[in-house]
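Student: Just so it is clear, I am handing over my_file01.pdb, which has PDB, C-alpha atoms.
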```
ATOM      1  CA  LYS A   1     112.475 115.979  60.975
ATOM      2  CA  VAL A   2     113.683 112.772  59.390
ATOM      3  CA  TYR A   3     111.392 109.745  59.619
ATOM      4  CA  TYR A   4     112.416 106.168  58.914
ATOM      5  CA  GLU A   5     110.126 103.721  57.160
ATOM      6  CA  GLY A   6     109.162 100.703  59.241
ATOM      7  CA  CYS A   7     110.021 102.415  62.543
ATOM      8  CA  PRO A   8     107.088 102.337  64.994
ATOM      9  CA  GLY A   9     108.461 105.315  66.899
ATOM     10  CA  CYS A  10     108.580 107.444  63.741
ATOM     11  CA  ALA A  11     105.043 106.324  62.857
ATOM     12  CA  MET A  12     103.871 107.508  66.278
ATOM     13  CA  GLU A  13     105.638 110.861  65.827
ATOM     14  CA  ARG A  14     103.931 111.338  62.471
ATOM     15  CA  ARG A  15     100.579 110.524  64.022
ATOM     16  CA  LYS A  16     101.114 113.063  66.806
ATOM     17  CA  GLU A  17     102.056 115.777  64.299
ATOM     18  CA  SER A  18      99.041 115.137  62.071
ATOM     19  CA  SER A  19      96.576 114.837  64.966
ATOM     20  CA  THR A  20      95.333 117.770  67.013
ATOM     21  CA  GLY A  21      93.174 115.883  69.501
ATOM     22  CA  THR A  22      93.902 113.910  72.638
ATOM     23  CA  PRO A  23      94.849 110.224  72.038
ATOM     24  CA  TYR A  24      91.903 108.878  74.024
ATOM     25  CA  LYS A  25      92.160 105.358  72.615
ATOM     26  CA  GLU A  26      95.821 104.905  73.582
ATOM     27  CA  LEU A  27      95.260 106.467  77.011
ATOM     28  CA  PHE A  28      92.249 104.201  77.580
ATOM     29  CA  PHE A  29      94.392 101.115  76.954
ATOM     30  CA  VAL A  30      97.107 102.594  79.192
ATOM     31  CA  GLY A  31      94.577 103.004  82.010
ATOM     32  CA  ILE A  32      93.099  99.515  81.598
ATOM     33  CA  THR A  33      96.465  97.734  81.547
ATOM     34  CA  THR A  34      97.808  99.780  84.471
ATOM     35  CA  PHE A  35      94.700  99.058  86.518
ATOM     36  CA  ALA A  36      94.981  95.311  85.842
ATOM     37  CA  SER A  37      98.654  95.247  86.791
ATOM     38  CA  SER A  38      98.146  97.085  90.095
ATOM     39  CA  LEU A  39      95.287  94.949  91.431
ATOM     40  CA  PRO A  40      97.411  92.018  92.747
ATOM     41  CA  ILE A  41      99.616  94.285  94.885
ATOM     42  CA  THR A  42      97.138  95.055  97.666
ATOM     43  CA  SER A  43      94.450  92.443  97.062
ATOM     44  CA  LEU A  44      96.072  90.002  99.497
ATOM     45  CA  PHE A  45      96.288  92.339 102.518
ATOM     46  CA  PRO A  46      92.699  91.785 103.765
ATOM     47  CA  PHE A  47      93.107  87.987 103.844
ATOM     48  CA  LEU A  48      96.861  87.725 104.494
ATOM     49  CA  TYR A  49      96.391  86.910 108.182
ATOM     50  CA  PHE A  50      93.826  84.184 107.464
ATOM     51  CA  MET A  51      95.921  82.701 104.673
ATOM     52  CA  ILE A  52      98.947  82.276 106.943
ATOM     53  CA  GLN A  53      96.614  80.746 109.515
ATOM     54  CA  ASP A  54      95.213  78.253 106.996
ATOM     55  CA  LEU A  55      98.669  77.324 105.682
ATOM     56  CA  HIS A  56      99.582  76.113 109.228
ATOM     57  CA  VAL A  57     103.094  77.509 109.011
ATOM     58  CA  ALA A  58     102.955  79.494 112.271
ATOM     59  CA  GLN A  59     103.074  77.344 115.395
ATOM     60  CA  ARG A  60     101.635  80.136 117.547
ATOM     61  CA  GLU A  61      99.130  82.835 116.696
ATOM     62  CA  GLU A  62     101.655  85.445 117.757
ATOM     63  CA  ASP A  63     103.989  84.274 114.956
ATOM     64  CA  ILE A  64     101.509  84.889 112.126
ATOM     65  CA  GLY A  65     102.766  88.447 111.610
ATOM     66  CA  PHE A  66     106.337  87.193 111.145
ATOM     67  CA  TYR A  67     105.420  84.881 108.262
ATOM     68  CA  ALA A  68     102.923  87.370 106.838
ATOM     69  CA  GLY A  69     105.703  89.947 106.592
ATOM     70  CA  PHE A  70     107.807  87.712 104.356
ATOM     71  CA  LEU A  71     104.839  86.849 102.162
ATOM     72  CA  GLY A  72     103.728  90.465 101.838
ATOM     73  CA  ALA A  73     107.258  91.647 101.019
ATOM     74  CA  SER A  74     108.040  88.936  98.461
ATOM     75  CA  TYR A  75     106.277  90.772  95.616
ATOM     76  CA  MET A  76     108.206  94.007  96.164
ATOM     77  CA  VAL A  77     111.491  92.157  96.654
ATOM     78  CA  GLY A  78     111.152  90.548  93.235
ATOM     79  CA  ARG A  79     110.056  93.807  91.675
ATOM     80  CA  GLY A  80     112.897  95.760  93.269
ATOM     81  CA  PHE A  81     115.556  93.440  91.861
ATOM     82  CA  ALA A  82     114.063  93.231  88.355
ATOM     83  CA  SER A  83     112.673  96.720  87.660
ATOM     84  CA  ILE A  84     115.899  98.141  86.208
ATOM     85  CA  PHE A  85     116.319  95.053  84.028
ATOM     86  CA  TRP A  86     112.813  95.368  82.579
ATOM     87  CA  GLY A  87     113.397  99.060  81.906
ATOM     88  CA  MET A  88     116.496  98.180  79.890
ATOM     89  CA  VAL A  89     114.594  95.463  78.031
ATOM     90  CA  ALA A  90     111.826  97.942  77.169
ATOM     91  CA  ASP A  91     114.430 100.349  75.763
ATOM     92  CA  ARG A  92     115.917  97.589  73.620
ATOM     93  CA  ILE A  93     113.004  95.543  72.249
ATOM     94  CA  GLY A  94     110.048  97.867  72.817
ATOM     95  CA  ARG A  95     107.425  98.911  75.360
ATOM     96  CA  LYS A  96     104.639  96.680  74.077
ATOM     97  CA  PRO A  97     106.406  93.283  74.523
ATOM     98  CA  VAL A  98     107.239  94.102  78.157
ATOM     99  CA  ILE A  99     103.680  95.262  78.853
ATOM    100  CA  VAL A 100     102.207  92.121  77.259
ATOM    101  CA  PHE A 101     104.585  89.812  79.138
ATOM    102  CA  SER A 102     103.869  91.574  82.447
ATOM    103  CA  LEU A 103     100.120  91.091  82.035
ATOM    104  CA  PHE A 104     100.696  87.442  81.137
ATOM    105  CA  THR A 105     102.643  86.914  84.370
ATOM    106  CA  VAL A 106      99.774  88.500  86.321
ATOM    107  CA  ILE A 107      97.364  85.973  84.799
ATOM    108  CA  VAL A 108      99.566  82.953  85.495
ATOM    109  CA  PHE A 109     101.223  83.623  88.838
ATOM    110  CA  ASN A 110      98.320  85.431  90.471
ATOM    111  CA  THR A 111      96.122  82.393  89.745
ATOM    112  CA  LEU A 112      98.809  80.055  91.089
ATOM    113  CA  PHE A 113      98.986  82.167  94.232
ATOM    114  CA  GLY A 114      95.269  81.578  94.808
ATOM    115  CA  LEU A 115      95.880  77.837  94.425
ATOM    116  CA  SER A 116      98.708  77.790  96.976
ATOM    117  CA  VAL A 117      98.366  75.164  99.687
ATOM    118  CA  LYS A 118     101.912  75.479 101.055
ATOM    119  CA  TYR A 119     103.744  78.502 102.391
ATOM    120  CA  TRP A 120     106.710  78.041 100.047
ATOM    121  CA  MET A 121     104.365  77.943  97.048
ATOM    122  CA  ALA A 122     102.645  81.172  98.093
ATOM    123  CA  ILE A 123     105.881  83.072  98.661
ATOM    124  CA  THR A 124     107.435  81.733  95.420
ATOM    125  CA  THR A 125     104.498  82.732  93.249
ATOM    126  CA  ARG A 126     104.412  86.227  94.770
ATOM    127  CA  LEU A 127     108.168  86.600  94.294
ATOM    128  CA  LEU A 128     107.957  85.548  90.640
ATOM    129  CA  LEU A 129     104.924  87.760  90.115
ATOM    130  CA  GLY A 130     106.925  90.773  91.253
ATOM    131  CA  ALA A 131     110.140  89.823  89.455
ATOM    132  CA  LEU A 132     108.479  89.136  86.093
ATOM    133  CA  ASN A 133     106.077  92.065  86.225
ATOM    134  CA  GLY A 134     108.227  94.890  84.884
ATOM    135  CA  PHE A 135     105.233  97.005  84.001
ATOM    136  CA  LEU A 136     105.377 100.391  85.691
ATOM    137  CA  ALA A 137     108.460 101.978  84.084
ATOM    138  CA  PRO A 138     107.582 101.043  80.461
ATOM    139  CA  ILE A 139     103.952 102.150  80.810
ATOM    140  CA  LYS A 140     105.018 105.562  82.141
ATOM    141  CA  ALA A 141     107.381 105.990  79.199
ATOM    142  CA  TYR A 142     104.644 104.787  76.851
ATOM    143  CA  SER A 143     102.061 107.219  78.241
ATOM    144  CA  ILE A 144     104.432 110.124  77.514
ATOM    145  CA  GLU A 145     105.411 108.897  74.040
ATOM    146  CA  VAL A 146     101.806 108.677  72.774
ATOM    147  CA  CYS A 147     101.066 112.275  73.842
ATOM    148  CA  ARG A 148     102.169 115.618  72.479
ATOM    149  CA  ASP A 149     104.328 117.818  74.696
ATOM    150  CA  ASP A 150     101.378 119.807  76.009
ATOM    151  CA  GLU A 151      99.496 116.613  76.981
ATOM    152  CA  GLN A 152     102.276 114.602  78.614
ATOM    153  CA  ALA A 153     101.083 115.585  82.088
ATOM    154  CA  LEU A 154      97.713 114.023  81.201
ATOM    155  CA  GLY A 155      99.415 110.773  80.164
ATOM    156  CA  ILE A 156     101.332 110.517  83.433
ATOM    157  CA  SER A 157      98.233 111.368  85.461
ATOM    158  CA  ILE A 158      96.283 108.587  83.694
ATOM    159  CA  VAL A 159      98.912 106.058  84.771
ATOM    160  CA  ASN A 160      98.965 107.254  88.375
ATOM    161  CA  THR A 161      95.173 107.501  88.591
ATOM    162  CA  ALA A 162      94.687 103.994  87.214
ATOM    163  CA  TRP A 163      97.413 102.709  89.540
ATOM    164  CA  GLY A 164      95.703 104.367  92.484
ATOM    165  CA  LEU A 165      92.339 102.904  91.489
ATOM    166  CA  GLY A 166      93.915  99.458  91.409
ATOM    167  CA  LEU A 167      95.313  99.942  94.898
ATOM    168  CA  ILE A 168      91.799 100.959  96.013
ATOM    169  CA  ILE A 169      89.778  98.219  94.309
ATOM    170  CA  GLY A 170      92.369  95.514  95.124
ATOM    171  CA  PRO A 171      91.637  95.388  98.885
ATOM    172  CA  ALA A 172      87.892  95.411  98.172
ATOM    173  CA  ILE A 173      88.233  92.402  95.855
ATOM    174  CA  GLY A 174      90.382  90.537  98.374
ATOM    175  CA  GLY A 175      88.148  91.401 101.308
ATOM    176  CA  TYR A 176      84.793  90.593  99.735
ATOM    177  CA  LEU A 177      85.773  87.500  97.717
ATOM    178  CA  ALA A 178      88.220  85.694 100.024
ATOM    179  CA  GLN A 179      86.907  82.633 101.869
ATOM    180  CA  PRO A 180      83.636  82.604  99.872
ATOM    181  CA  ALA A 181      82.419  79.362 101.468
ATOM    182  CA  LYS A 182      82.566  81.051 104.872
ATOM    183  CA  GLN A 183      81.219  84.450 103.795
ATOM    184  CA  TYR A 184      78.569  83.214 101.356
ATOM    185  CA  PRO A 185      77.656  79.669 102.431
ATOM    186  CA  HIS A 186      74.373  79.789 100.505
ATOM    187  CA  ILE A 187      76.321  80.155  97.222
ATOM    188  CA  PHE A 188      79.598  78.271  97.772
ATOM    189  CA  HIS A 189      79.871  74.854  99.390
ATOM    190  CA  ASP A 190      82.760  73.771 101.622
ATOM    191  CA  LYS A 191      83.634  70.897  99.270
ATOM    192  CA  SER A 192      83.562  73.015  96.115
ATOM    193  CA  THR A 193      86.685  74.322  94.389
ATOM    194  CA  PHE A 194      86.432  77.681  96.112
ATOM    195  CA  GLY A 195      85.838  75.904  99.408
ATOM    196  CA  ARG A 196      89.051  73.883  99.072
ATOM    197  CA  PHE A 197      90.979  76.921  97.794
ATOM    198  CA  PRO A 198      89.471  79.770  99.833
ATOM    199  CA  TYR A 199      91.667  82.480  98.281
ATOM    200  CA  LEU A 200      91.317  81.465  94.645
ATOM    201  CA  LEU A 201      88.205  83.525  93.851
ATOM    202  CA  PRO A 202      89.724  87.026  94.296
ATOM    203  CA  CYS A 203      92.890  85.982  92.472
ATOM    204  CA  LEU A 204      90.863  84.426  89.656
ATOM    205  CA  CYS A 205      88.736  87.547  89.220
ATOM    206  CA  ILE A 206      91.872  89.672  88.913
ATOM    207  CA  SER A 207      93.393  87.209  86.425
ATOM    208  CA  ILE A 208      90.232  87.282  84.297
ATOM    209  CA  PHE A 209      90.316  91.069  84.155
ATOM    210  CA  ALA A 210      94.038  90.923  83.296
ATOM    211  CA  THR A 211      93.142  88.554  80.437
ATOM    212  CA  PHE A 212      90.826  91.174  78.939
ATOM    213  CA  ALA A 213      93.553  93.785  79.385
ATOM    214  CA  LEU A 214      96.007  91.460  77.622
ATOM    215  CA  ILE A 215      93.616  91.077  74.694
ATOM    216  CA  SER A 216      93.277  94.858  74.473
ATOM    217  CA  CYS A 217      97.044  95.092  73.925
ATOM    218  CA  ILE A 218      96.415  93.943  70.336
ATOM    219  CA  TRP A 219      95.390  97.562  69.578
ATOM    220  CA  LEU A 220      98.335  99.007  71.513
ATOM    221  CA  PRO A 221     100.791 100.597  69.024
ATOM    222  CA  GLU A 222     104.530 100.418  69.655
ATOM    223  CA  THR A 223     106.315 103.714  70.337
ATOM    224  CA  LEU A 224     110.003 102.767  70.514
ATOM    225  CA  HIS A 225     112.283 104.088  67.774
ATOM    226  CA  LYS A 226     114.067 101.162  66.134
ATOM    227  CA  HIS A 227     116.477 102.969  63.852
ATOM    228  CA  ALA A 228     119.028 103.912  66.536
ATOM    229  CA  LYS A 229     121.740 101.623  65.157
ATOM    230  CA  PHE A 230     121.587 103.187  61.687
ATOM    231  CA  GLU A 231     121.466 106.663  63.184
ATOM    232  CA  MET A 232     124.513 105.997  65.356
ATOM    233  CA  GLY A 233     126.423 104.571  62.398
ATOM    234  CA  ALA A 234     125.724 107.619  60.236
ATOM    235  CA  GLU A 235     126.645 110.051  62.972
ATOM    236  CA  THR A 236     129.862 108.186  63.709
ATOM    237  CA  ALA A 237     130.941 108.173  60.065
ATOM    238  CA  GLU A 238     130.187 111.873  59.721
ATOM    239  CA  ALA A 239     131.658 113.080  62.981
ATOM    240  CA  GLY A 240     134.759 110.887  63.084
ATOM    241  CA  THR A 241     137.265 111.537  65.796
ATOM    242  CA  THR A 242     136.256 115.201  66.198
ATOM    243  CA  GLN A 243     133.132 114.244  68.116
ATOM    244  CA  GLU A 244     135.128 112.160  70.594
ATOM    245  CA  SER A 245     137.351 115.103  71.460
ATOM    246  CA  THR A 246     134.485 117.548  71.978
ATOM    247  CA  GLU A 247     132.070 115.221  73.761
ATOM    248  CA  SER A 248     131.873 115.855  77.481
ATOM    249  CA  PRO A 249     131.840 112.892  79.869
ATOM    250  CA  LYS A 250     128.433 111.824  81.134
ATOM    251  CA  LYS A 251     127.599 112.672  84.710
ATOM    252  CA  SER A 252     126.951 109.730  86.995
ATOM    253  CA  LEU A 253     123.348 109.213  88.058
ATOM    254  CA  TRP A 254     124.526 108.798  91.651
ATOM    255  CA  LYS A 255     125.745 112.421  91.565
ATOM    256  CA  ASN A 256     122.480 113.756  90.148
ATOM    257  CA  TRP A 257     121.244 115.143  93.458
ATOM    258  CA  PRO A 258     117.761 116.268  92.335
ATOM    259  CA  LEU A 259     117.122 112.781  90.956
ATOM    260  CA  MET A 260     118.541 110.999  94.004
ATOM    261  CA  SER A 261     116.571 113.197  96.418
ATOM    262  CA  SER A 262     113.374 112.391  94.496
ATOM    263  CA  ILE A 263     114.161 108.659  94.658
ATOM    264  CA  ILE A 264     114.865 108.792  98.399
ATOM    265  CA  THR A 265     111.639 110.708  99.040
ATOM    266  CA  TYR A 266     109.682 108.219  96.937
ATOM    267  CA  CYS A 267     111.237 105.318  98.856
ATOM    268  CA  VAL A 268     110.301 106.832 102.222
ATOM    269  CA  PHE A 269     106.686 107.410 101.229
ATOM    270  CA  SER A 270     106.423 103.954  99.604
ATOM    271  CA  LEU A 271     107.801 102.370 102.776
ATOM    272  CA  HIS A 272     105.224 104.231 104.868
ATOM    273  CA  ASP A 273     102.346 103.290 102.546
ATOM    274  CA  THR A 274     103.215  99.590 102.340
ATOM    275  CA  ALA A 275     103.957  99.316 106.064
ATOM    276  CA  TYR A 276     100.624 100.944 106.883
ATOM    277  CA  SER A 277      98.651  98.634 104.583
ATOM    278  CA  GLU A 278     100.218  95.433 105.911
ATOM    279  CA  ILE A 279     100.530  96.313 109.613
ATOM    280  CA  PHE A 280      97.031  97.769 109.702
ATOM    281  CA  SER A 281      95.606  94.605 108.135
ATOM    282  CA  LEU A 282      97.382  92.325 110.607
ATOM    283  CA  TRP A 283      96.394  94.460 113.575
ATOM    284  CA  THR A 284      92.705  94.726 112.710
ATOM    285  CA  VAL A 285      92.187  90.990 112.122
ATOM    286  CA  SER A 286      94.084  89.957 115.270
ATOM    287  CA  GLY A 287      92.056  88.849 118.276
ATOM    288  CA  ARG A 288      91.099  91.326 120.961
ATOM    289  CA  LYS A 289      93.207  89.499 123.512
ATOM    290  CA  TYR A 290      96.259  90.466 121.434
ATOM    291  CA  GLY A 291      95.156  94.098 121.150
ATOM    292  CA  GLY A 292      93.486  93.711 117.734
ATOM    293  CA  LEU A 293      89.968  94.456 116.538
ATOM    294  CA  SER A 294      88.868  90.957 115.391
ATOM    295  CA  PHE A 295      87.897  92.289 111.952
ATOM    296  CA  SER A 296      86.921  90.014 109.101
ATOM    297  CA  SER A 297      88.610  90.203 105.701
ATOM    298  CA  LYS A 298      85.565  92.087 104.393
ATOM    299  CA  ASP A 299      85.941  94.743 107.104
ATOM    300  CA  VAL A 300      89.622  95.219 106.315
ATOM    301  CA  GLY A 301      88.859  95.548 102.607
ATOM    302  CA  GLN A 302      86.293  98.255 103.313
ATOM    303  CA  VAL A 303      88.645 100.309 105.493
ATOM    304  CA  LEU A 304      91.568 100.077 103.049
ATOM    305  CA  THR A 305      89.299 101.038 100.167
ATOM    306  CA  VAL A 306      88.078 104.154 101.967
ATOM    307  CA  ALA A 307      91.674 105.094 102.814
ATOM    308  CA  GLY A 308      92.669 104.562  99.180
ATOM    309  CA  VAL A 309      89.863 106.825  97.926
ATOM    310  CA  SER A 310      91.089 109.698 100.098
ATOM    311  CA  LEU A 311      94.639 109.158  98.815
ATOM    312  CA  LEU A 312      93.440 109.174  95.216
ATOM    313  CA  VAL A 313      91.515 112.430  95.701
ATOM    314  CA  TYR A 314      94.622 114.031  97.205
ATOM    315  CA  GLN A 315      96.748 112.742  94.312
ATOM    316  CA  ILE A 316      94.403 114.217  91.687
ATOM    317  CA  PHE A 317      94.414 117.544  93.533
ATOM    318  CA  VAL A 318      98.234 117.631  93.596
ATOM    319  CA  TYR A 319      98.531 116.890  89.875
ATOM    320  CA  ARG A 320      96.002 119.571  88.962
ATOM    321  CA  TRP A 321      97.812 122.066  91.172
ATOM    322  CA  LEU A 322     101.172 121.209  89.581
ATOM    323  CA  ASN A 323      99.717 121.491  86.099
ATOM    324  CA  ASN A 324      98.133 124.876  86.777
ATOM    325  CA  THR A 325     101.052 126.300  88.734
ATOM    326  CA  LEU A 326     104.148 124.985  86.951
ATOM    327  CA  GLY A 327     102.767 124.220  83.497
ATOM    328  CA  PRO A 328     102.496 120.886  81.642
ATOM    329  CA  VAL A 329     106.236 120.403  80.993
ATOM    330  CA  ASN A 330     107.449 121.027  84.543
ATOM    331  CA  SER A 331     104.570 119.130  86.119
ATOM    332  CA  THR A 332     105.320 116.131  83.889
ATOM    333  CA  ARG A 333     108.975 116.189  84.925
ATOM    334  CA  ILE A 334     108.086 116.316  88.638
ATOM    335  CA  ALA A 335     105.427 113.617  88.264
ATOM    336  CA  SER A 336     107.903 111.321  86.488
ATOM    337  CA  GLU A 337     110.465 111.818  89.234
TER
END
```
Starting from the file, give its structure as structure tokens.
Tutor:
Amino acid sequence: KVYYEGCPGCAMERRKESSTGTPYKELFFVGITTFASSLPITSLFPFLYFMIQDLHVAQREEDIGFYAGFLGASYMVGRGFASIFWGMVADRIGRKPVIVFSLFTVIVFNTLFGLSVKYWMAITTRLLLGALNGFLAPIKAYSIEVCRDDEQALGISIVNTAWGLGLIIGPAIGGYLAQPAKQYPHIFHDKSTFGRFPYLLPCLCISIFATFALISCIWLPETLHKHAKFEMGAETAEAGTTQESTESPKKSLWKNWPLMSSIITYCVFSLHDTAYSEIFSLWTVSGRKYGGLSFSSKDVGQVLTVAGVSLLVYQIFVYRWLNNTLGPVNSTRIASE
């Protein structure tokens, strides 16, 4: 193998060849940063109904679900439009800058969301939080690049486990810490900061944890190879026009049926998961006269956390089964898809 001086990707390859153990330090930072980035996604579901109610945007109680749907979807709308862009940026400038910037946006916009006093401010901050948080694709690539071939399944499973933990702990944080002046009147006063901004405390706690995760990125080594331009120039000069005549045209991604079927399946399950989390939250906190259960935000957080634990256990079981049945390489490929 040829290694280039000053290339972080080559330095990582050298480190993997010289090391025989598992990169626990890199995987620990991967888990911490992934966990911090996933917390804001579901933390708002337990108090979403009450937030729309306090923003006084719905004229009738029956209309709260309509406005809550737009607010809950704004994060994923921004993320859906920007995910491909952030993946391209990570391939061009590196994984670490995108990861650091994504954590910085969590700190800023998640805090601003807790300070929202108008509906347009809440939906804008959630939209920007999703659009500027291009975290998931680069961290999955990073978790594979820091591991040897026989440990890549472990790297992917760390990302998905930490992501699942964030989706579990997020509702608990939102449910237990929202409206602290109402839930814990002996600690928080109505005229205090958390009394005037009843949804700031859960958002602030998540932002503080994301700050620690951002600081930990100092010890996060870059893995992207940055000698591609020189490599391409040398290959072009050596191959000349012969390479152009023998090179086969690239197949379109839209015609890659195994990939497209995996994407469609992932979309269906993601739609089901998100719809369940939001509709369940709105239904349980609605009044009994509307067919709801009159739950508090704390009750909703508890139920969603229990549901998330069962999902995480199932996810770990599936990954272990794939690893034992298909082997590390095939299980990594399926997990990535």
Student: Starting from the PyMOL selection byres ((chain A and resi 213) around 8), expand the selection into actual residues of this file and give them as a ChimeraX atom specification.
Tutor: /A:29,32-33,36,103,209-212,214-217
Student: Between A:Ser207, A:Ser157, A:Ser296, A:Ser74, which has the minimum distance to Leu39 in chain A (counting all atoms listed in the file)?
Tutor: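 Using all atoms listed in the file, the shortest distance to Leu39 in chain A belongs to A:Ser207.
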Student: Could you tell me which residues the PyMOL selection byres ((chain A and resi 185-202) around 8) returns for this structure, as a PyMOL selection string?
Tutor: chain A and resi 43+47+51+111+113-117+173-174+177-184+203-206
Student: Take the residues just selected and output them with C-alpha atoms as a short mmCIF file (atom, residue, chain, number, x, y, z; two decimals), keeping the file's coordinate frame.
Tutor:
```
data_model
loop_
_atom_site.label_atom_id
_atom_site.label_comp_id
_atom_site.auth_asym_id
_atom_site.auth_seq_id
_atom_site.Cartn_x
_atom_site.Cartn_y
_atom_site.Cartn_z
CA SER A 43 94.45 92.44 97.06
CA PHE A 47 93.11 87.99 103.84
CA MET A 51 95.92 82.70 104.67
CA THR A 111 96.12 82.39 89.74
CA PHE A 113 98.99 82.17 94.23
CA GLY A 114 95.27 81.58 94.81
CA LEU A 115 95.88 77.84 94.42
CA SER A 116 98.71 77.79 96.98
CA VAL A 117 98.37 75.16 99.69
CA ILE A 173 88.23 92.40 95.86
CA GLY A 174 90.38 90.54 98.37
CA LEU A 177 85.77 87.50 97.72
CA ALA A 178 88.22 85.69 100.02
CA GLN A 179 86.91 82.63 101.87
CA PRO A 180 83.64 82.60 99.87
CA ALA A 181 82.42 79.36 101.47
CA LYS A 182 82.57 81.05 104.87
CA GLN A 183 81.22 84.45 103.80
CA TYR A 184 78.57 83.21 101.36
CA CYS A 203 92.89 85.98 92.47
CA LEU A 204 90.86 84.43 89.66
CA CYS A 205 88.74 87.55 89.22
CA ILE A 206 91.87 89.67 88.91
#
```
Student: Give me, please, the distance in Å between CA of Leu127 in chain A and CA of Asp273 in chain A, quoted to one decimal.
Tutor: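 Between CA of Leu127 in chain A and CA of Asp273 in chain A the gap works out to 19.5 Å.
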Student: Which neighbours of Glu26 in chain A fall inside 9 Å, counting all atoms listed in the file, when residues of the same chain fewer than 2 positions from it are skipped, and could you give them as a ChimeraX atom specification?
Tutor: /A:23-24,28-31,143,146,219-221
Student: For the structure provided, state which residues fall under the PyMOL selection byres ((chain A and resi 279) around 12), and present them as a PyMOL selection string.
Tutor: chain A and resi 45-46+48-49+64-66+68-69+72-73+271-278+280-286+292+300+304
Student: Could you put an axis-aligned box around every listed atom of range 128-143 of chain A, padded by 5 Å on each side, and send me its centre and edge lengths in Å to one decimal, as JSON?
Tutor:
```
{"center_x": 106.1, "center_y": 96.4, "center_z": 84.1, "size_x": 18.1, "size_y": 31.7, "size_z": 24.4}
```
Student: Return the single residue from A:Ala307, A:Asp54, A:Arg14, A:Gly301 that is closest to Ala172 in chain A, with distances computed using all atoms listed in the file.
Tutor: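 Of all the options, A:Gly301 lies closest to Ala172 in chain A.
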Student: Would you mind reading off the distance between CA of Leu129 in chain A and CA of Phe109 in chain A, one decimal, in Å?
Tutor: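 Between these atoms lies a distance of 5.7 Å.
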Student: Kindly give the distance, in Å, that separates CA of Val313 in chain A and CA of Leu27 in chain A, rounded to a single decimal.
Tutor: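 Computed distance, CA of Val313 in chain A to CA of Leu27 in chain A, equals 20.0 Å.
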Student: Which is closer to Gly80 in chain A than all the others in A:Thr124, A:Val108, A:Gly134, A:Arg92, using all atoms listed in the file?
Tutor: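 Using all atoms listed in the file, the shortest distance to Gly80 in chain A belongs to A:Gly134.
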Student: Point out the residue among A:Leu154, A:Leu167, A:Val2, A:Met121 with the least atom-to-atom distance to Ser38 in chain A, counting only C-alpha atoms.
Tutor: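 Among the listed residues, A:Leu167 lies closest to Ser38 in chain A.
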Student: Compile the contact shell of Ile139 in chain A as a PyMOL selection string: residues with an atom at most 9 Å away, counting only C-alpha atoms, same-chain residues fewer than 3 positions apart removed.
Tutor: chain A and resi 30+33-34+95-96+99+135-136+142-144+159
Student: List the residues sitting within 12 Å of (110.2, 97.7, 75.5) in the file's frame, using only C-alpha atoms, as an MDAnalysis selection string.
Tutor: chainID A and resid 8:9 85:102 134:142 221:226
Student: At a cut-off of 9 Å, using all atoms listed in the file, what residues contact Met76 in chain A? Leave out same-chain residues fewer than 5 positions from it and give the result as a compact mmCIF listing (two decimals) with C-alpha atoms, keeping the file's coordinate frame.
Tutor:
```
# COMPACT_ATOMS: atom_id res chain seq x y z
CA ILE A 41 99.62 94.28 94.88
CA PHE A 81 115.56 93.44 91.86
CA ARG A 126 104.41 86.23 94.77
CA LEU A 127 108.17 86.60 94.29
CA GLY A 130 106.92 90.77 91.25
CA ALA A 131 110.14 89.82 89.46
```
Student: Between A:Glu17, A:Leu165, A:Leu293, A:Cys147, which one has atoms that come closest to Phe35 in chain A, using only C-alpha atoms?
Tutor: A:Leu165
Student: Restricting the calculation to only C-alpha atoms, which member of A:Leu132, A:Val106, A:Pro171, A:Arg288 is positioned closest to Ile84 in chain A?
Tutor: A:Leu132
Student: Could you model N, CA, C and O atoms for range 120-125 of chain A and present them as an mmCIF file, in the frame of the given file?
Tutor:
```cif
data_model
loop_
_atom_site.group_PDB
_atom_site.id
_atom_site.type_symbol
_atom_site.label_atom_id
_atom_site.label_comp_id
_atom_site.auth_asym_id
_atom_site.auth_seq_id
_atom_site.Cartn_x
_atom_site.Cartn_y
_atom_site.Cartn_z
ATOM 1 N N TRP A 120 105.649 77.819 101.020
ATOM 2 C CA TRP A 120 106.710 78.041 100.047
ATOM 3 C C TRP A 120 106.134 78.319 98.656
ATOM 4 O O TRP A 120 106.695 79.101 97.879
ATOM 5 N N MET A 121 104.997 77.691 98.347
ATOM 6 C CA MET A 121 104.365 77.943 97.048
ATOM 7 C C MET A 121 103.809 79.363 96.974
ATOM 8 O O MET A 121 103.952 80.048 95.952
ATOM 9 N N ALA A 122 103.204 79.819 98.073
ATOM 10 C CA ALA A 122 102.645 81.172 98.093
ATOM 11 C C ALA A 122 103.740 82.216 97.961
ATOM 12 O O ALA A 122 103.617 83.172 97.171
ATOM 13 N N ILE A 123 104.821 82.063 98.694
ATOM 14 C CA ILE A 123 105.881 83.072 98.661
ATOM 15 C C ILE A 123 106.645 83.030 97.333
ATOM 16 O O ILE A 123 107.093 84.055 96.828
ATOM 17 N N THR A 124 106.755 81.840 96.713
ATOM 18 C CA THR A 124 107.435 81.733 95.420
ATOM 19 C C THR A 124 106.627 82.384 94.311
ATOM 20 O O THR A 124 107.185 83.099 93.462
ATOM 21 N N THR A 125 105.327 82.138 94.298
ATOM 22 C CA THR A 125 104.498 82.732 93.249
ATOM 23 C C THR A 125 104.448 84.251 93.377
ATOM 24 O O THR A 125 104.475 84.967 92.370
#
```
